[in-house]
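S.K.: Supplied structure: protein.txt, compact mmCIF, C-alpha atoms and all ligand atoms.
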```
# COMPACT_ATOMS: atom_id res chain seq x y z
CA MET A 1 22.99 4.44 19.89
CA HIS A 2 23.22 3.54 16.20
CA CYS A 3 21.25 0.57 14.83
CA ALA A 4 22.63 0.38 11.26
CA GLN A 5 22.65 -3.05 9.62
CA LYS A 6 24.89 -4.11 6.75
CA ILE A 7 22.87 -5.32 3.74
CA SER A 8 25.82 -5.88 1.38
CA ASP A 9 29.56 -5.20 1.57
CA ASN A 10 29.33 -1.42 1.76
CA ILE A 11 25.62 -0.69 1.85
CA PHE A 12 23.79 -0.27 5.16
CA TRP A 13 20.16 -0.05 6.25
CA ILE A 14 19.91 3.03 8.46
CA GLY A 15 16.17 3.06 9.15
CA SER A 16 14.24 2.55 12.34
CA ASN A 17 10.77 1.80 13.66
CA ASP A 18 7.86 3.99 14.69
CA TRP A 19 5.66 2.34 17.31
CA THR A 20 4.09 5.64 18.42
CA THR A 21 2.19 7.15 15.48
CA PRO A 22 -1.39 5.82 15.66
CA ARG A 23 -2.32 6.38 12.03
CA PHE A 24 -0.15 6.47 8.91
CA GLU A 25 -0.79 9.71 7.01
CA ASN A 26 -3.11 10.41 9.97
CA LEU A 27 -5.60 8.12 8.19
CA PHE A 28 -4.67 4.44 8.36
CA PRO A 29 -4.36 2.60 11.70
CA ILE A 30 -0.93 1.00 12.15
CA PRO A 31 -1.33 -1.28 15.19
CA HIS A 32 1.92 -3.02 14.29
CA GLY A 33 3.80 0.25 13.72
CA VAL A 34 5.79 1.07 10.63
CA SER A 35 9.44 1.32 9.67
CA TYR A 36 11.00 4.16 7.73
CA ASN A 37 13.94 2.81 5.79
CA SER A 38 16.95 4.74 4.62
CA TYR A 39 20.24 3.50 3.21
CA PHE A 40 23.90 4.49 3.39
CA ILE A 41 26.49 3.66 0.73
CA ASP A 42 30.09 3.74 1.93
CA ASP A 43 32.28 4.34 -1.14
CA GLU A 44 34.83 6.86 -2.41
CA LYS A 45 31.85 9.18 -2.18
CA THR A 46 29.44 8.75 0.72
CA CYS A 47 25.75 8.62 -0.06
CA VAL A 48 22.43 8.47 1.78
CA ILE A 49 19.41 7.15 -0.14
CA ASP A 50 16.32 8.98 1.18
CA THR A 51 15.92 10.05 4.79
CA VAL A 52 13.17 9.34 7.33
CA ASP A 53 10.13 10.59 9.23
CA LYS A 54 10.61 13.05 12.08
CA MET A 55 9.53 10.34 14.56
CA ILE A 56 12.91 8.60 14.19
CA ARG A 57 15.12 11.65 13.62
CA ASP A 58 17.55 10.88 16.46
CA GLU A 59 18.07 7.20 15.56
CA PHE A 60 18.62 8.14 11.93
CA LEU A 61 21.17 10.88 12.65
CA ASN A 62 23.01 8.52 15.05
CA ASN A 63 23.25 5.97 12.23
CA VAL A 64 24.56 8.53 9.72
CA HIS A 65 27.15 9.93 12.18
CA HIS A 66 28.31 6.44 13.10
CA LEU A 67 28.83 5.40 9.47
CA LEU A 68 30.41 8.66 8.35
CA ASN A 69 32.82 8.43 11.28
CA GLY A 70 33.87 12.05 10.88
CA ARG A 71 33.80 12.18 7.06
CA GLN A 72 31.65 14.49 4.95
CA LEU A 73 28.39 13.38 3.40
CA ASP A 74 28.72 13.76 -0.38
CA TYR A 75 25.29 12.82 -1.75
CA ILE A 76 21.69 12.41 -0.74
CA VAL A 77 19.54 10.68 -3.35
CA ILE A 78 15.91 11.77 -2.99
CA ASN A 79 13.61 9.13 -4.43
CA HIS A 80 10.48 10.49 -2.75
CA MET A 81 9.64 13.86 -1.20
CA GLU A 82 6.76 12.75 1.04
CA PRO A 83 7.53 13.87 4.61
CA ASP A 84 7.73 10.31 5.97
CA HIS A 85 10.97 10.13 3.96
CA CYS A 86 12.28 13.66 3.90
CA ALA A 87 11.49 15.16 7.30
CA VAL A 88 15.18 14.97 8.24
CA LEU A 89 16.53 16.06 4.86
CA LEU A 90 17.06 19.70 5.81
CA ASP A 91 18.83 18.64 9.04
CA LEU A 92 21.43 16.85 6.92
CA VAL A 93 21.76 19.77 4.49
CA LYS A 94 22.39 22.14 7.41
CA GLU A 95 24.95 19.80 8.95
CA TYR A 96 26.68 19.05 5.62
CA PRO A 97 26.17 22.27 3.63
CA HIS A 98 28.18 21.02 0.65
CA VAL A 99 26.14 17.84 0.22
CA THR A 100 24.81 17.25 -3.29
CA LEU A 101 21.08 16.58 -3.48
CA VAL A 102 20.14 14.21 -6.28
CA GLY A 103 16.62 14.54 -7.66
CA ASN A 104 14.52 15.71 -10.58
CA ALA A 105 12.87 19.06 -11.25
CA THR A 106 9.68 18.05 -9.43
CA THR A 107 11.70 16.80 -6.46
CA PHE A 108 13.32 20.19 -5.99
CA LYS A 109 10.07 22.06 -6.56
CA MET A 110 8.55 20.03 -3.71
CA PHE A 111 11.71 20.51 -1.62
CA GLU A 112 11.23 24.28 -1.83
CA GLN A 113 7.47 24.03 -1.22
CA PHE A 114 8.02 22.07 2.00
CA TYR A 115 11.09 23.84 3.34
CA GLY A 116 10.84 27.34 1.89
CA THR A 117 14.63 27.11 1.73
CA PRO A 118 15.88 26.91 -1.86
CA CYS A 119 19.34 25.32 -2.05
CA PRO A 120 20.05 25.54 -5.82
CA ASP A 121 23.82 25.20 -5.32
CA ASN A 122 23.20 21.75 -3.85
CA TYR A 123 20.90 20.45 -6.57
CA HIS A 124 22.04 17.78 -9.03
CA LEU A 125 19.25 17.22 -11.55
CA VAL A 126 18.82 13.70 -12.86
CA LYS A 127 16.51 12.15 -15.41
CA GLU A 128 15.70 8.63 -16.58
CA GLY A 129 18.85 6.57 -17.12
CA ASP A 130 21.35 9.02 -15.62
CA VAL A 131 24.18 7.33 -13.71
CA LEU A 132 25.84 8.65 -10.57
CA ASP A 133 29.27 7.17 -9.93
CA LEU A 134 30.23 6.84 -6.26
CA GLY A 135 33.41 4.86 -6.96
CA THR A 136 32.57 1.18 -6.85
CA HIS A 137 28.83 1.74 -6.75
CA LYS A 138 26.93 3.20 -9.71
CA LEU A 139 23.43 4.56 -9.22
CA THR A 140 21.00 4.70 -12.13
CA THR A 141 17.78 6.71 -11.96
CA TYR A 142 14.47 5.23 -13.07
CA THR A 143 11.41 7.44 -12.91
CA MET A 144 8.26 5.97 -11.33
CA PRO A 145 5.70 8.79 -11.49
CA MET A 146 2.66 8.24 -9.24
CA VAL A 147 4.18 5.33 -7.35
CA HIS A 148 3.15 7.11 -5.22
CA TRP A 149 3.73 10.82 -6.02
CA PRO A 150 4.73 12.40 -9.34
CA GLU A 151 8.38 13.00 -8.45
CA VAL A 152 9.09 9.40 -7.37
CA THR A 153 12.13 7.60 -8.71
CA ALA A 154 13.71 4.24 -8.08
CA THR A 155 17.50 4.06 -7.88
CA TYR A 156 19.29 0.97 -9.13
CA GLU A 157 22.77 0.16 -7.86
CA SER A 158 24.32 -1.94 -10.61
CA THR A 159 27.37 -3.38 -8.81
CA THR A 160 25.26 -5.21 -6.24
CA GLY A 161 21.98 -5.35 -8.19
CA THR A 162 20.17 -3.45 -5.44
CA LEU A 163 16.94 -1.67 -6.32
CA PHE A 164 16.06 1.18 -3.97
CA SER A 165 12.37 1.10 -4.80
CA ALA A 166 10.90 4.02 -2.80
CA ASP A 167 7.36 3.22 -1.57
CA ALA A 168 7.01 0.31 -4.00
CA PHE A 169 7.10 -3.09 -2.24
CA GLY A 170 6.75 -1.42 1.18
CA THR A 171 4.45 -2.48 3.98
CA PHE A 172 3.01 -1.38 7.29
CA GLY A 173 4.57 -3.11 10.32
CA THR A 174 7.91 -2.62 12.00
CA VAL A 175 11.02 -4.61 11.14
CA ASN A 176 12.03 -6.48 14.23
CA GLY A 177 15.76 -7.08 13.99
CA ASN A 178 15.08 -9.30 10.98
CA ILE A 179 15.18 -6.72 8.23
CA PHE A 180 14.95 -9.28 5.38
CA ALA A 181 11.72 -10.91 4.22
CA ASP A 182 13.42 -14.33 4.11
CA GLN A 183 14.14 -14.11 7.86
CA VAL A 184 10.45 -14.11 8.78
CA ASP A 185 7.27 -15.95 7.86
CA TYR A 186 6.36 -13.18 5.43
CA SER A 187 2.91 -14.49 4.57
CA LEU A 188 1.97 -14.52 8.27
CA SER A 189 3.87 -11.46 9.43
CA TYR A 190 3.53 -8.98 6.58
CA GLU A 191 1.43 -10.06 3.61
CA ASP A 192 -1.92 -8.69 4.81
CA GLU A 193 -0.32 -5.44 5.92
CA ALA A 194 1.63 -5.16 2.65
CA ARG A 195 -1.64 -5.51 0.75
CA ARG A 196 -3.40 -3.00 3.03
CA TYR A 197 -0.50 -0.59 2.56
CA TYR A 198 -0.47 -1.01 -1.23
CA VAL A 199 -4.19 -0.81 -1.94
CA ASN A 200 -4.86 2.14 0.33
CA ILE A 201 -1.73 4.16 -0.43
CA VAL A 202 -0.91 3.35 -4.06
CA GLY A 203 -3.97 1.34 -5.18
CA LYS A 204 -5.41 4.18 -7.25
CA TYR A 205 -2.35 4.19 -9.51
CA GLY A 206 -2.40 0.62 -10.83
CA PRO A 207 -1.51 1.53 -14.46
CA GLN A 208 1.48 3.55 -13.27
CA VAL A 209 2.61 0.66 -11.07
CA GLN A 210 2.29 -1.64 -14.10
CA ASN A 211 4.52 0.75 -16.09
CA ALA A 212 7.12 0.66 -13.32
CA LEU A 213 6.99 -3.16 -13.10
CA ARG A 214 7.51 -3.46 -16.85
CA LYS A 215 10.49 -1.12 -16.75
CA LEU A 216 12.14 -2.63 -13.66
CA SER A 217 11.61 -6.23 -14.79
CA LYS A 218 14.41 -5.69 -17.31
CA LEU A 219 16.95 -5.21 -14.51
CA PRO A 220 18.92 -8.02 -12.85
CA ILE A 221 17.66 -7.48 -9.31
CA ASN A 222 19.44 -9.18 -6.41
CA MET A 223 17.82 -7.13 -3.70
CA ILE A 224 14.81 -4.83 -3.34
CA ALA A 225 15.25 -2.17 -0.67
CA PRO A 226 11.94 -0.33 -0.11
CA LEU A 227 11.23 2.64 2.13
CA HIS A 228 8.96 0.67 4.51
CA GLY A 229 9.16 -2.86 5.87
CA PRO A 230 11.52 -5.72 5.14
CA LEU A 231 13.98 -5.98 2.23
CA TYR A 232 13.81 -8.76 -0.36
CA ARG A 233 17.13 -10.48 -1.18
CA THR A 234 16.25 -14.02 -2.29
CA PRO A 235 14.75 -14.99 -5.66
CA GLU A 236 11.80 -16.52 -3.77
CA THR A 237 10.93 -13.38 -1.82
CA ILE A 238 11.61 -11.07 -4.77
CA ASN A 239 9.38 -13.12 -7.08
CA TYR A 240 6.75 -13.41 -4.36
CA ILE A 241 6.32 -9.68 -3.82
CA ILE A 242 6.51 -8.90 -7.57
CA GLU A 243 3.76 -11.45 -8.23
CA LYS A 244 1.62 -9.84 -5.51
CA TYR A 245 2.16 -6.46 -7.17
CA GLN A 246 0.96 -7.94 -10.47
CA TYR A 247 -2.33 -8.91 -8.79
CA TRP A 248 -2.75 -5.72 -6.84
CA SER A 249 -1.86 -3.29 -9.63
CA THR A 250 -4.22 -4.96 -12.11
CA TYR A 251 -7.08 -5.03 -9.56
CA SER A 252 -7.17 -8.81 -9.94
CA ALA A 253 -8.57 -11.07 -7.22
CA GLU A 254 -5.99 -13.38 -5.68
CA LYS A 255 -8.49 -15.90 -4.38
CA GLN A 256 -11.98 -17.26 -4.94
CA GLY A 257 -14.06 -16.11 -1.98
CA VAL A 258 -16.35 -13.48 -0.56
CA VAL A 259 -16.18 -10.40 1.63
CA ILE A 260 -19.51 -9.47 3.21
CA ALA A 261 -19.50 -5.77 4.12
CA PHE A 262 -22.60 -4.68 5.98
CA ALA A 263 -23.99 -1.62 7.72
CA SER A 264 -26.67 -1.98 10.35
CA MET A 265 -28.38 0.51 12.67
CA TYR A 266 -30.39 -1.84 14.88
CA GLY A 267 -29.12 -5.27 13.86
CA HIS A 268 -31.63 -6.14 11.16
CA THR A 269 -29.25 -5.72 8.22
CA ALA A 270 -26.53 -7.50 10.22
CA ASP A 271 -29.04 -10.33 10.61
CA MET A 272 -29.39 -10.49 6.81
CA ALA A 273 -25.60 -10.52 6.42
CA GLN A 274 -25.30 -13.42 8.85
CA GLN A 275 -28.09 -15.30 7.14
CA LEU A 276 -26.33 -14.92 3.80
CA ALA A 277 -22.99 -16.01 5.30
CA LYS A 278 -24.65 -19.10 6.76
CA LEU A 279 -26.27 -19.95 3.42
CA LEU A 280 -22.98 -19.50 1.57
CA SER A 281 -21.16 -21.66 4.09
CA SER A 282 -23.79 -24.40 3.68
CA ARG A 283 -23.05 -24.25 -0.06
CA GLY A 284 -19.40 -25.03 0.54
CA ILE A 285 -17.96 -21.50 0.48
CA THR A 286 -15.07 -21.21 2.94
CA ASP A 287 -12.91 -18.43 4.35
CA ILE A 288 -15.87 -15.99 4.36
CA LYS A 289 -14.92 -12.50 5.63
CA MET A 290 -17.55 -10.34 7.35
CA TYR A 291 -17.11 -6.69 8.26
CA ASP A 292 -19.37 -4.11 9.88
CA VAL A 293 -18.41 -0.93 8.00
CA SER A 294 -19.28 1.13 11.08
CA LYS A 295 -16.79 -0.82 13.20
CA THR A 296 -13.79 -1.78 11.10
CA HIS A 297 -11.56 0.82 9.51
CA ALA A 298 -12.24 0.87 5.77
CA SER A 299 -8.57 0.19 4.95
CA TYR A 300 -8.93 -3.40 6.24
CA ILE A 301 -12.18 -4.07 4.36
CA ILE A 302 -10.80 -2.58 1.16
CA SER A 303 -7.71 -4.74 1.46
CA ASP A 304 -9.78 -7.93 1.69
CA ALA A 305 -12.15 -6.73 -1.05
CA TRP A 306 -9.05 -6.48 -3.29
CA LYS A 307 -7.95 -10.00 -2.32
CA TYR A 308 -11.17 -11.96 -2.79
CA SER A 309 -13.18 -12.39 -5.99
CA HIS A 310 -16.60 -11.41 -4.59
CA LEU A 311 -17.99 -8.61 -2.46
CA VAL A 312 -21.47 -8.41 -0.95
CA CYS A 313 -22.70 -5.05 0.33
CA LEU A 314 -25.73 -4.85 2.63
CA SER A 315 -26.96 -1.50 3.91
CA PRO A 316 -30.02 0.29 5.22
CA THR A 317 -31.42 3.45 3.74
CA TYR A 318 -30.65 6.58 5.74
CA ASN A 319 -32.00 10.11 5.25
CA LEU A 320 -33.41 9.11 1.85
CA GLY A 321 -29.95 7.96 0.77
CA LEU A 322 -27.33 5.38 1.61
CA TYR A 323 -26.34 4.80 5.24
CA LEU A 324 -23.39 7.08 5.83
CA ALA A 325 -20.78 4.50 6.85
CA MET A 326 -21.54 2.38 3.76
CA ASP A 327 -21.57 5.49 1.59
CA ALA A 328 -18.13 6.47 2.93
CA PHE A 329 -16.78 2.94 2.46
CA LEU A 330 -17.95 2.76 -1.15
CA HIS A 331 -16.72 6.28 -1.85
CA GLU A 332 -13.26 5.30 -0.63
CA LEU A 333 -13.33 2.07 -2.63
CA ALA A 334 -14.30 3.96 -5.79
CA ALA A 335 -11.63 6.60 -5.19
CA LEU A 336 -9.02 3.82 -5.29
CA ASN A 337 -10.31 2.68 -8.70
CA PHE A 338 -11.41 -0.70 -7.34
CA SER A 339 -12.51 -2.79 -10.32
CA ASN A 340 -12.50 -6.25 -11.93
CA HIS A 341 -14.47 -7.88 -9.10
CA LYS A 342 -17.99 -9.24 -8.63
CA VAL A 343 -20.53 -7.70 -6.28
CA SER A 344 -23.94 -8.52 -4.86
CA ILE A 345 -26.26 -6.01 -3.24
CA VAL A 346 -28.87 -6.08 -0.47
CA GLY A 347 -30.66 -2.92 0.61
CA ASN A 348 -32.94 -2.43 3.57
CA HIS A 349 -35.55 0.27 4.22
CA THR A 350 -38.55 0.94 6.38
CA TRP A 351 -40.32 3.91 4.82
CA ALA A 352 -38.32 4.97 1.75
CA SER A 353 -36.19 2.78 -0.47
CA ALA A 354 -32.83 4.26 -1.48
CA ALA A 355 -29.92 2.05 -0.34
CA MET A 356 -30.35 -0.74 -2.87
CA LYS A 357 -30.84 1.71 -5.75
CA ARG A 358 -27.88 3.86 -4.69
CA MET A 359 -25.49 0.91 -4.33
CA THR A 360 -26.63 -0.56 -7.65
CA ALA A 361 -26.13 2.79 -9.39
CA LEU A 362 -22.66 3.20 -7.84
CA PHE A 363 -21.44 -0.21 -8.93
CA THR A 364 -22.95 0.22 -12.38
CA ASP A 365 -22.00 3.83 -13.14
CA THR A 366 -19.04 4.80 -10.95
CA PHE A 367 -16.99 1.64 -10.60
CA LYS A 368 -15.36 0.11 -13.67
CA ASN A 369 -15.76 -3.51 -14.76
CA MET A 370 -17.81 -4.71 -11.80
CA GLU A 371 -20.18 -7.61 -12.47
CA ILE A 372 -23.35 -7.57 -10.39
CA VAL A 373 -24.05 -11.13 -9.28
CA GLY A 374 -27.68 -12.03 -8.57
CA GLU A 375 -30.67 -9.72 -8.50
CA PRO A 376 -30.15 -6.95 -5.91
CA LEU A 377 -32.54 -7.45 -3.00
CA ASP A 378 -34.51 -4.73 -1.24
CA ILE A 379 -35.82 -5.88 2.15
CA LYS A 380 -38.35 -4.03 4.27
CA SER A 381 -37.10 -3.50 7.84
CA ALA A 382 -36.28 -7.07 8.90
CA LEU A 383 -35.70 -10.53 7.54
CA HIS A 384 -38.68 -12.92 7.79
CA GLU A 385 -39.39 -16.44 6.60
CA ALA A 386 -41.11 -15.08 3.49
CA GLN A 387 -37.85 -13.56 2.22
CA LEU A 388 -35.70 -16.63 2.85
CA PRO A 389 -36.24 -18.09 -0.64
CA ALA A 390 -34.83 -14.89 -2.14
CA PHE A 391 -31.76 -15.21 0.10
CA GLU A 392 -31.42 -18.89 -0.79
CA GLU A 393 -31.52 -17.96 -4.48
CA LEU A 394 -28.95 -15.18 -4.01
CA ALA A 395 -26.66 -17.55 -2.07
CA ASP A 396 -26.98 -20.15 -4.86
CA THR A 397 -26.04 -17.57 -7.48
CA ILE A 398 -23.09 -16.19 -5.50
CA ALA A 399 -21.74 -19.64 -4.60
CA THR A 400 -21.90 -20.78 -8.22
CA SER A 401 -20.26 -17.58 -9.40
CA ILE A 402 -17.43 -17.95 -6.85
CA ARG A 403 -16.75 -21.51 -7.96
CA GLU A 404 -16.77 -20.51 -11.63
CA THR A 405 -14.51 -17.48 -11.21
CA GLU A 406 -11.09 -18.05 -12.72
CA ILE A 407 -8.18 -16.62 -10.77
CA LYS A 408 -5.50 -15.14 -13.01
CA THR A 409 -1.96 -16.37 -12.83
CA PHE A 410 1.03 -14.13 -13.45
FE1 LIG A 501 6.16 6.31 2.41
FE2 LIG A 501 4.59 7.97 -0.24
O1 LIG A 501 5.54 7.77 1.38
```
Starting from the file, give its structure as structure tokens.

M.R.:
Amino acid sequence: MHCAQKISDNIFWIGSNDWTTPRFENLFPIPHGVSYNSYFIDDEKTCVIDTVDKMIRDEFLNNVHHLLNGRQLDYIVINHMEPDHCAVLLDLVKEYPHVTLVGNATTFKMFEQFYGTPCPDNYHLVKEGDVLDLGTHKLTTYTMPMVHWPEVTATYESTTGTLFSADAFGTFGTVNGNIFADQVDYSLSYEDEARRYYVNIVGKYGPQVQNALRKLSKLPINMIAPLHGPLYRTPETINYIIEKYQYWSTYSAEKQGVVIAFASMYGHTADMAQQLAKLLSSRGITDIKMYDVSKTHASYIISDAWKYSHLVCLSPTYNLGLYLAMDAFLHELAALNFSNHKVSIVGNHTWASAAMKRMTALFTDTFKNMEIVGEPLDIKSALHEAQLPAFEELADTIATSIRETEIKTF
């Protein structure tokens, strides 16, 4: 059965939901599922904008067949060649062998790498600013390299002011009948997952996202139609998500506050983390987030680290180095180019001190523009009364720093 939904007079959402895949890219847990969005334009020429993941192949093909109603498919615009959006592409090419594939040179190189089936007679090469005329609808290509792969483009439909934005402005989480952001409480239903999606999938490429935002801000946009999650069709929701992207792509904290990320083998470092949280709370700090890096998937901790102004890392030494789960967490955070935040450090060791030194060196040498708040502490084995003054002093310094941190406005 088809599940297409009209999004403007002759443009349809033809995506669907995936509740089955446990991890996006086989990496990131998606407990609320994910949608793969695709779009159909019904004009003198028929056109599909991107396809979908193999998990929703049948629903997608039902939608296309329903809307074509026996006609030929004239165009497929390929904004992104990642398999969550092109797994069904070859199915359509085989079914409609005369279909024109719209993409750039890198798109078609990737097409041949994935499928091993060159279709040069079907290729229509486009570059920045090229316009494809479907009849009433006109599609302009805007390149968006590295948002999130090098071949990525956005396609702007000028008659309706619809921006088909590829991965940009997407989110984890299914769309549940309400395919528009203004139909749901977005901040409750999607905002955290949109941030987790952005920072973990595209977060590394902030400067490229900034380039895309600058370019697209010149367009009169009435609707943003991304490849995942709800669509944005009101000025409020469009401005809301663009403002979030300004924060996220400049690695700017959205809120004064602290994320305490700790690793603990036998509970002693966790004890220090709780002590620090209690001391910060008693100094008026609210909305404190605590995560055991061995328990919570790094994508969630990274997402909150992006959101809040301050991060505290507490870890034991392990094998003369940094405890592996903390090492992995920080490695992932660094790989995403996390920067422009403030960090405090507490190490723990019993017979060889390495964790505090390693974390301090990482934040000083590997990360960019990270301010270390307070003197890093190095505790021996367990927290005792004698060390409490040092924790009190660190809590004072962090609390003052949080209060004095200015949050940017965009
Ligand atoms: Fe949703 Fe980069 O793919």

S.K.: For ligand LIG 501 (chain A), which residue out of A:Ile179, A:Val152, A:Ala355, A:Met265 is the nearest one, using only C-alpha atoms and all ligand atoms?

M.R.: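 Counting only C-alpha atoms and all ligand atoms, the residue closest to ligand LIG 501 (chain A) is A:Val152.
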
S.K.: Neighbouring residues of stretch 42-48 of chain A were defined as those with any atom within 10 Å, considering only C-alpha atoms; residues of the same chain fewer than 2 positions away were excluded. Please report them as a PyMOL selection string.

M.R.: chain A and resi 9-14+38-40+50-51+64+67-68+71-78+92+99-101+133-137

S.K.: Report, in Å to a single decimal, how far apart atom CA of A:Lys204 and atom CA of A:Ala334 are.

M.R.: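 Between atom CA of A:Ala334 and atom CA of A:Lys204 the gap works out to 9.0 Å.
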
S.K.: At a cut-off of 10 Å from (-14.9, -1.1, 5.4) in the coordinates of the file, what residues are picked up using all atoms listed in the file, written as a ChimeraX atom specification?

M.R.: /A:260-263,290-305,325-326,328-330,332-333

S.K.: Taking (4.3, 3.2, -18.1) in the coordinates of the supplied file, I want to know which residues reach to within 12 Å of it, counting all atoms listed in the file; could you give the answer as JSON, numbers by chain?

M.R.: {"A": [142, 143, 144, 145, 146, 147, 205, 206, 207, 208, 209, 210, 211, 212, 213, 214, 215, 216]}

S.K.: Produce as a PyMOL selection string the set of residues near ligand LIG 501 (chain A), where near means within 12 Å with all atoms listed in the file considered.

M.R.: chain A and resi 24-25+34-38+50-53+78-87+144-153+165-172+197-198+200-203+226-229

S.K.: Give the answer as one residue: which of A:Arg57, A:Lys307, A:Lys368, A:His268 has the shortest atom-to-atom distance to A:Arg196, using all atoms listed in the file?

M.R.: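 Nearest candidate to A:Arg196 out of A:Arg57, A:Lys307, A:Lys368, A:His268: A:Lys307.
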
S.K.: Work out how far apart atom CA of A:Lys342 and atom CA of A:His384 are and give it in Å to one decimal.

M.R.: 26.7 Å

S.K.: Looking at A:Ser264, A:Asn62, A:Thr234, A:Asn340, which one is nearest to A:Leu324, with distances taken over only C-alpha atoms?

M.R.: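 Of A:Ser264, A:Asn62, A:Thr234, A:Asn340, the one nearest A:Leu324, counting only C-alpha atoms, is A:Ser264.
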
S.K.: Nearest residue to A:Glu375 out of A:Met356, A:Val126, A:Ile7, A:Ala154, using only C-alpha atoms?

M.R.: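 Looking only at the distances to A:Glu375, the closest residue turns out to be A:Met356.
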
S.K.: What does the distance from atom CA of A:Leu336 to atom CA of A:Asn369 come to in Å, to one decimal?

M.R.: 13.7 Å

S.K.: I'd like the neighbourhood of A:Leu125 as a PyMOL selection string, where a residue qualifies if any of its atoms comes within 12 Å (using only C-alpha atoms), though same-chain residues fewer than 6 positions away should be ignored.

M.R.: chain A and resi 77-78+100-109+131-132+141

S.K.: Rank A:Cys3, A:Ala386, A:Ile238, A:Cys119 by their smallest atom-to-atom distance to A:Ser16, using all atoms listed in the file, and report the top residue only.

M.R.: A:Cys3

S.K.: Kindly compute an axis-aligned box around the listed atoms of stretch 205-211 of chain A, allowing 3 Å on each side, and express its centre and edge lengths in Å to one decimal as JSON.

M.R.:
```
{"center_x": 1.1, "center_y": 1.3, "center_z": -12.8, "size_x": 12.9, "size_y": 11.8, "size_z": 12.6}
```

S.K.: Using only C-alpha atoms, find the one residue out of A:Ile398, A:Ala354, A:Val199, A:Leu276 that sits nearest to A:Ser249.

M.R.: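 For A:Ser249, the nearest of the given residues is A:Val199.
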
S.K.: Find the spatial neighbours of A:His310, counting only C-alpha atoms, within a cut-off of 9 Å - ignore same-chain residues fewer than 4 positions away - and output them as a list in words.

M.R.: Ala253, Gln256, Gly257, Val258, Val259, Ile260, Ala305, His341, Lys342, Val343, Ser344, Val373, Ile398, Ser401 and Ile402 of chain A

S.K.: Could I see stretch 253-267 of chain A restored to N, CA and C atoms, set down as an mmCIF file, in the coordinates of the input?

M.R.:
```cif
data_model
loop_
_atom_site.group_PDB
_atom_site.id
_atom_site.type_symbol
_atom_site.label_atom_id
_atom_site.label_comp_id
_atom_site.auth_asym_id
_atom_site.auth_seq_id
_atom_site.Cartn_x
_atom_site.Cartn_y
_atom_site.Cartn_z
ATOM 1 N N ALA A 253 -8.396 -10.281 -8.448
ATOM 2 C CA ALA A 253 -8.570 -11.070 -7.220
ATOM 3 C C ALA A 253 -7.479 -12.122 -7.123
ATOM 4 N N GLU A 254 -7.012 -12.350 -5.895
ATOM 5 C CA GLU A 254 -5.990 -13.380 -5.680
ATOM 6 C C GLU A 254 -6.613 -14.719 -5.338
ATOM 7 N N LYS A 255 -7.901 -14.694 -4.951
ATOM 8 C CA LYS A 255 -8.490 -15.900 -4.380
ATOM 9 C C LYS A 255 -9.987 -15.927 -4.641
ATOM 10 N N GLN A 256 -10.531 -17.116 -4.902
ATOM 11 C CA GLN A 256 -11.980 -17.260 -4.940
ATOM 12 C C GLN A 256 -12.503 -17.084 -3.517
ATOM 13 N N GLY A 257 -13.529 -16.283 -3.332
ATOM 14 C CA GLY A 257 -14.060 -16.110 -1.980
ATOM 15 C C GLY A 257 -14.869 -14.834 -1.886
ATOM 16 N N VAL A 258 -15.400 -14.593 -0.703
ATOM 17 C CA VAL A 258 -16.350 -13.480 -0.560
ATOM 18 C C VAL A 258 -16.081 -12.665 0.699
ATOM 19 N N VAL A 259 -16.207 -11.347 0.513
ATOM 20 C CA VAL A 259 -16.180 -10.400 1.630
ATOM 21 C C VAL A 259 -17.596 -9.861 1.772
ATOM 22 N N ILE A 260 -18.161 -9.997 2.952
ATOM 23 C CA ILE A 260 -19.510 -9.470 3.210
ATOM 24 C C ILE A 260 -19.341 -8.202 4.043
ATOM 25 N N ALA A 261 -19.622 -7.063 3.431
ATOM 26 C CA ALA A 261 -19.500 -5.770 4.120
ATOM 27 C C ALA A 261 -20.905 -5.265 4.398
ATOM 28 N N PHE A 262 -21.234 -5.102 5.664
ATOM 29 C CA PHE A 262 -22.600 -4.680 5.980
ATOM 30 C C PHE A 262 -22.599 -3.454 6.887
ATOM 31 N N ALA A 263 -23.714 -2.711 6.788
ATOM 32 C CA ALA A 263 -23.990 -1.620 7.720
ATOM 33 C C ALA A 263 -25.315 -1.941 8.383
ATOM 34 N N SER A 264 -25.431 -1.622 9.657
ATOM 35 C CA SER A 264 -26.670 -1.980 10.350
ATOM 36 C C SER A 264 -26.892 -1.022 11.514
ATOM 37 N N MET A 265 -28.088 -0.441 11.582
ATOM 38 C CA MET A 265 -28.380 0.510 12.670
ATOM 39 C C MET A 265 -28.873 -0.196 13.920
ATOM 40 N N TYR A 266 -29.769 -1.170 13.731
ATOM 41 C CA TYR A 266 -30.390 -1.840 14.880
ATOM 42 C C TYR A 266 -30.248 -3.362 14.817
ATOM 43 N N GLY A 267 -29.386 -3.830 13.917
ATOM 44 C CA GLY A 267 -29.120 -5.270 13.860
ATOM 45 C C GLY A 267 -29.857 -6.025 12.792
#
```
